[in-house]
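Worksheet for the structure shown next.
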Amino acid sequence: MPHEKPTTPEALQAALAESELQAQTLRSELEETNRGVLALYAELDSQAEQLRGATELKSRFLAYMSHEFRTPINSIRSITRLLLDRVDGPLTEEQERQVTFIQQNATEFAEMVDDLLDLAKVEAGRVEISPAWFEMVDLFSALRGMFKPVLTNPDVNLVFEEPKDIPKLYTDDRKLSQILRNFISNALKFTPRGEVRVSAQLAGPGHVTFSVADTGIGIAADFHESIFEDFSQVQSPLQKRLRGTGLGLSLSKKLAQLLGGSVRLQSAPGKGSVFSVTLPVQWEGAPAE
Ligand code: ADP
């Protein structure tokens with residue numbers, strides 16, 4: 001219905017009074033909404049503060065706990081080593097089997113504690129990057145030496161491709177080595193036969209990509225993102241035997257980000273996997289917040 005225009009002065013006055021009233025109602029509604037929004041902001045702020053506190057507490061707890069666990073685990077490992085080396089006399093076959101079992105479990109526990117401690121440090125922002133100039137060839141040969149004693153499956157070859165045209169890198173070589181060690185040990189775990197190939201290529205201006213390609217069981221596309229989250233594992237018959245912590249890839253992703261880079265996965269079930277990390281040739285310090 002069209003609004004009738006007031007024609008007499010009285011009607012005009014009445015209409016004016018009505019609009020004034022409406023404007024006043026609107027103003028007070030707006031003020032109320034404003035107060036609501038401010039209260040919401042305050043609530044959000046305090047929740048963010050609580051969340052920060054909880055994260056800090058969790059990281060600190062993880063760091064203390066992992067640290068405290070290290071000493072007893074290391075003594076268990078040392079004692080099992082002494083026993084297996086027959087320092088305290090001979091062992092029966094059954095005793096050797098049992099001590100080996102304790103040793104394997106203690107080693108697995110130690111790895112989990114190390115991963116937890118590293119994750120806690122990353123989350124608390126307490127990881128220091130110590131960059132230095134180094135040659136890829138040296139890193140590859142150190143990795144080759146590290147993996148030699150654990151290559152127990154004769155059906156799998158671990159190949160390090162000779163890095164070609166890769167300049168000297170300026171980054172934290174220990175952190176890069178930690179990422180590659182995670183990729184390689186996973187590849188060896190999930191490859192019953194074939195090969196695990198480690199290589200490095202230049203990737204765009206000022207970046208290098210390191211890849212670890214395996215001919216193993218592969219990973220379905222559904223898991224390609226979640227696999228980089230804490231405690232994430234893909235169920236498979238192999239997985240049941242291997243256990244592991246599900247922390248290695250999450251840690252690798254966070255370390256790569258700290259080094260100014262990123263991780264990537266290409267894989268399909270039955271077709272093997274390629275895990276790669278791309279880093280700047282020269283680390284340029286912490287990214288701007
Ligand atoms: P962990 O190896 O201790 O379980 P990770 O975070 O390193 O923890 O790996 C998480 C999971 O990702 C593994 O448990 C496995 O299910 C899957 N995965 C990792 N690397 C491979 C690979 N090369 N081939 C197949 N599956 C893999």
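Chain labels A, B, ... are given in the sequence in which chains occur in the structure tokens; within each chain residues are numbered consecutively from 1, and ligands are likewise numbered from 1 in the order shown.
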
| Quick one: residues within 12 Å of region 80-96 of chain A, only C-alpha atoms counted, chain neighbours fewer than 6 positions away excluded, as a ChimeraX atom specification? | /A:73-74,102-107

Restricted to C-alpha atoms, what would the selected residues look like written as an mmCIF file, in the first residue's frame?
```cif
data_model
loop_
_atom_site.group_PDB
_atom_site.id
_atom_site.type_symbol
_atom_site.label_atom_id
_atom_site.label_comp_id
_atom_site.auth_asym_id
_atom_site.auth_seq_id
_atom_site.Cartn_x
_atom_site.Cartn_y
_atom_site.Cartn_z
ATOM 1 C CA ILE A 73 65.423 -45.133 28.301
ATOM 2 C CA ASN A 74 69.074 -44.618 27.501
ATOM 3 C CA ILE A 102 63.560 -55.175 25.263
ATOM 4 C CA GLN A 103 66.220 -53.428 23.163
ATOM 5 C CA GLN A 104 63.896 -53.013 20.162
ATOM 6 C CA ASN A 105 61.092 -51.623 22.297
ATOM 7 C CA ALA A 106 63.409 -49.245 24.132
ATOM 8 C CA THR A 107 64.730 -48.008 20.777
#
```

| query | Contacts of region 260-271 of chain A at 8 Å or less, counting only C-alpha atoms, minus same-chain residues fewer than 3 places along, as number ranges by chain? | reply | A: 215-221, 224, 252-253, 256-257, 274-280, 283-284, 286-287

| said: Which residues are close to region 232-237 of chain A, i.e. within 9 Å by only C-alpha atoms, leaving aside same-chain residues fewer than 3 positions away? Reply as a PyMOL selection string. | reply: chain A and resi 217+219-220+223+226-229+240-241+244-247+249-250

Selection file, N, CA and C atoms, as a PDB file, in the first residue's frame:
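out_13.pdb written:
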```pdb
ATOM      1  N   ILE A 217      54.256 -49.675  -1.121  1.00  0.00           N
ATOM      2  CA  ILE A 217      52.819 -49.943  -1.141  1.00  0.00           C
ATOM      3  C   ILE A 217      51.991 -48.738  -1.575  1.00  0.00           C
ATOM      4  N   ILE A 219      50.204 -44.707  -1.208  1.00  0.00           N
ATOM      5  CA  ILE A 219      49.226 -44.119  -0.278  1.00  0.00           C
ATOM      6  C   ILE A 219      48.056 -43.564  -1.082  1.00  0.00           C
ATOM      7  N   ALA A 220      46.823 -43.884  -0.686  1.00  0.00           N
ATOM      8  CA  ALA A 220      45.640 -43.392  -1.411  1.00  0.00           C
ATOM      9  C   ALA A 220      45.519 -41.876  -1.258  1.00  0.00           C
ATOM     10  N   PHE A 223      44.508 -39.752   1.823  1.00  0.00           N
ATOM     11  CA  PHE A 223      45.372 -39.561   3.003  1.00  0.00           C
ATOM     12  C   PHE A 223      46.516 -38.583   2.754  1.00  0.00           C
ATOM     13  N   SER A 226      46.226 -35.623   5.318  1.00  0.00           N
ATOM     14  CA  SER A 226      46.158 -35.958   6.753  1.00  0.00           C
ATOM     15  C   SER A 226      47.430 -36.648   7.244  1.00  0.00           C
ATOM     16  N   ILE A 227      48.149 -37.280   6.315  1.00  0.00           N
ATOM     17  CA  ILE A 227      49.337 -38.022   6.703  1.00  0.00           C
ATOM     18  C   ILE A 227      50.408 -37.113   7.326  1.00  0.00           C
ATOM     19  N   PHE A 228      50.327 -35.818   7.030  1.00  0.00           N
ATOM     20  CA  PHE A 228      51.310 -34.871   7.583  1.00  0.00           C
ATOM     21  C   PHE A 228      50.866 -34.312   8.939  1.00  0.00           C
ATOM     22  N   GLU A 229      49.740 -34.849   9.471  1.00  0.00           N
ATOM     23  CA  GLU A 229      49.297 -34.382  10.785  1.00  0.00           C
ATOM     24  C   GLU A 229      49.819 -35.302  11.885  1.00  0.00           C
ATOM     25  N   LYS A 240      50.630 -52.842  10.626  1.00  0.00           N
ATOM     26  CA  LYS A 240      50.380 -53.584  11.875  1.00  0.00           C
ATOM     27  C   LYS A 240      51.681 -54.126  12.440  1.00  0.00           C
ATOM     28  N   ARG A 241      52.592 -54.525  11.547  1.00  0.00           N
ATOM     29  CA  ARG A 241      53.855 -55.103  12.017  1.00  0.00           C
ATOM     30  C   ARG A 241      54.841 -54.031  12.464  1.00  0.00           C
ATOM     31  N   GLY A 244      55.414 -47.722  14.869  1.00  0.00           N
ATOM     32  CA  GLY A 244      55.841 -46.334  14.597  1.00  0.00           C
ATOM     33  C   GLY A 244      54.984 -45.364  15.391  1.00  0.00           C
ATOM     34  N   THR A 245      55.291 -44.082  15.255  1.00  0.00           N
ATOM     35  CA  THR A 245      54.627 -43.100  16.111  1.00  0.00           C
ATOM     36  C   THR A 245      53.624 -42.226  15.368  1.00  0.00           C
ATOM     37  N   GLY A 246      53.792 -42.098  14.055  1.00  0.00           N
ATOM     38  CA  GLY A 246      52.914 -41.203  13.307  1.00  0.00           C
ATOM     39  C   GLY A 246      53.283 -39.741  13.528  1.00  0.00           C
ATOM     40  N   LEU A 247      54.505 -39.496  13.999  1.00  0.00           N
ATOM     41  CA  LEU A 247      54.914 -38.103  14.257  1.00  0.00           C
ATOM     42  C   LEU A 247      55.950 -37.606  13.249  1.00  0.00           C
ATOM     43  N   LEU A 249      56.301 -37.466   9.912  1.00  0.00           N
ATOM     44  CA  LEU A 249      55.959 -36.607   8.774  1.00  0.00           C
ATOM     45  C   LEU A 249      55.479 -35.232   9.234  1.00  0.00           C
ATOM     46  N   SER A 250      54.746 -35.224  10.344  1.00  0.00           N
ATOM     47  CA  SER A 250      54.274 -33.945  10.866  1.00  0.00           C
ATOM     48  C   SER A 250      55.472 -33.067  11.254  1.00  0.00           C
TER      49      SER A 250
END
```

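When only C-alpha atoms and all ligand atoms are used to compute distances to ligand 1, the closest of the residues A:Ser75, A:Ser199, A:Thr191, A:Gln13 turns out to be A:Thr191.
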
| request: Would you mind telling me which residue in A:Leu117, A:Ala187, A:Ala213, A:Leu258 lies nearest to ligand 1 when using only C-alpha atoms and all ligand atoms? | output: A:Ala187

| Can you list, as a ChimeraX atom specification, every protein, DNA or RNA residue that comes within 9 Å of Phe140 (chain A) when you count only C-alpha atoms, leaving out same-chain residues fewer than 2 positions away? | /A:136-138,142-145,160-163,177,198-199

Could those selected residues go to a file with N, CA and C atoms, as a compact mmCIF listing (two decimals), in the first residue's frame?
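Saved the output as result_37.txt:
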```txt
# COMPACT_ATOMS: atom_id res chain seq x y z
N MET A 136 75.81 -30.66 -1.15
CA MET A 136 74.84 -31.76 -1.16
C MET A 136 75.51 -33.12 -1.10
N VAL A 137 76.64 -33.23 -1.85
CA VAL A 137 77.33 -34.52 -1.93
C VAL A 137 77.68 -35.01 -0.52
N ASP A 138 78.12 -34.08 0.33
CA ASP A 138 78.51 -34.47 1.69
C ASP A 138 77.30 -34.97 2.49
N ALA A 142 76.81 -38.74 3.99
CA ALA A 142 76.55 -38.97 5.42
C ALA A 142 75.30 -39.83 5.58
N LEU A 143 74.26 -39.53 4.78
CA LEU A 143 73.01 -40.31 4.88
C LEU A 143 73.25 -41.76 4.45
N ARG A 144 74.06 -41.92 3.39
CA ARG A 144 74.35 -43.28 2.90
C ARG A 144 74.99 -44.10 4.03
N GLY A 145 75.96 -43.47 4.72
CA GLY A 145 76.65 -44.13 5.82
C GLY A 145 75.70 -44.48 6.95
N PHE A 160 71.44 -43.35 -3.97
CA PHE A 160 71.59 -41.90 -3.88
C PHE A 160 72.07 -41.40 -5.22
N GLU A 161 71.25 -40.65 -5.94
CA GLU A 161 71.69 -40.13 -7.24
C GLU A 161 72.74 -39.05 -7.01
N GLU A 162 73.75 -39.06 -7.87
CA GLU A 162 74.79 -38.02 -7.79
C GLU A 162 74.14 -36.66 -8.03
N PRO A 163 74.17 -35.72 -7.07
CA PRO A 163 73.54 -34.42 -7.33
C PRO A 163 74.30 -33.66 -8.43
N SER A 177 68.69 -32.92 7.05
CA SER A 177 69.04 -34.33 7.17
C SER A 177 67.95 -35.08 7.96
N VAL A 198 67.03 -41.55 -3.76
CA VAL A 198 67.12 -40.20 -3.19
C VAL A 198 67.80 -39.29 -4.21
N SER A 199 67.17 -38.14 -4.50
CA SER A 199 67.78 -37.27 -5.51
C SER A 199 67.55 -35.79 -5.16
```

| said: Using only C-alpha atoms and all ligand atoms for the distances, tell me which of A:Met112, A:Leu139, A:Leu158, A:Leu202 is nearest to ligand 1. | reply: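 Distance minimum relative to ligand 1 lands on A:Met112.
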
| query | Could you state the separation of CA of Phe109 (chain A) and CA of Ser273 (chain A) in Å, given to one decimal place? | reply |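 Between CA of Phe109 (chain A) and CA of Ser273 (chain A) the gap works out to 26.6 Å.
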
| strand (DSSP E or B) per DSSP on the backbone: members of region 16-252 of chain A, as a PyMOL selection string | chain A and resi 132-134+156-160+169-171+194-202+207-214
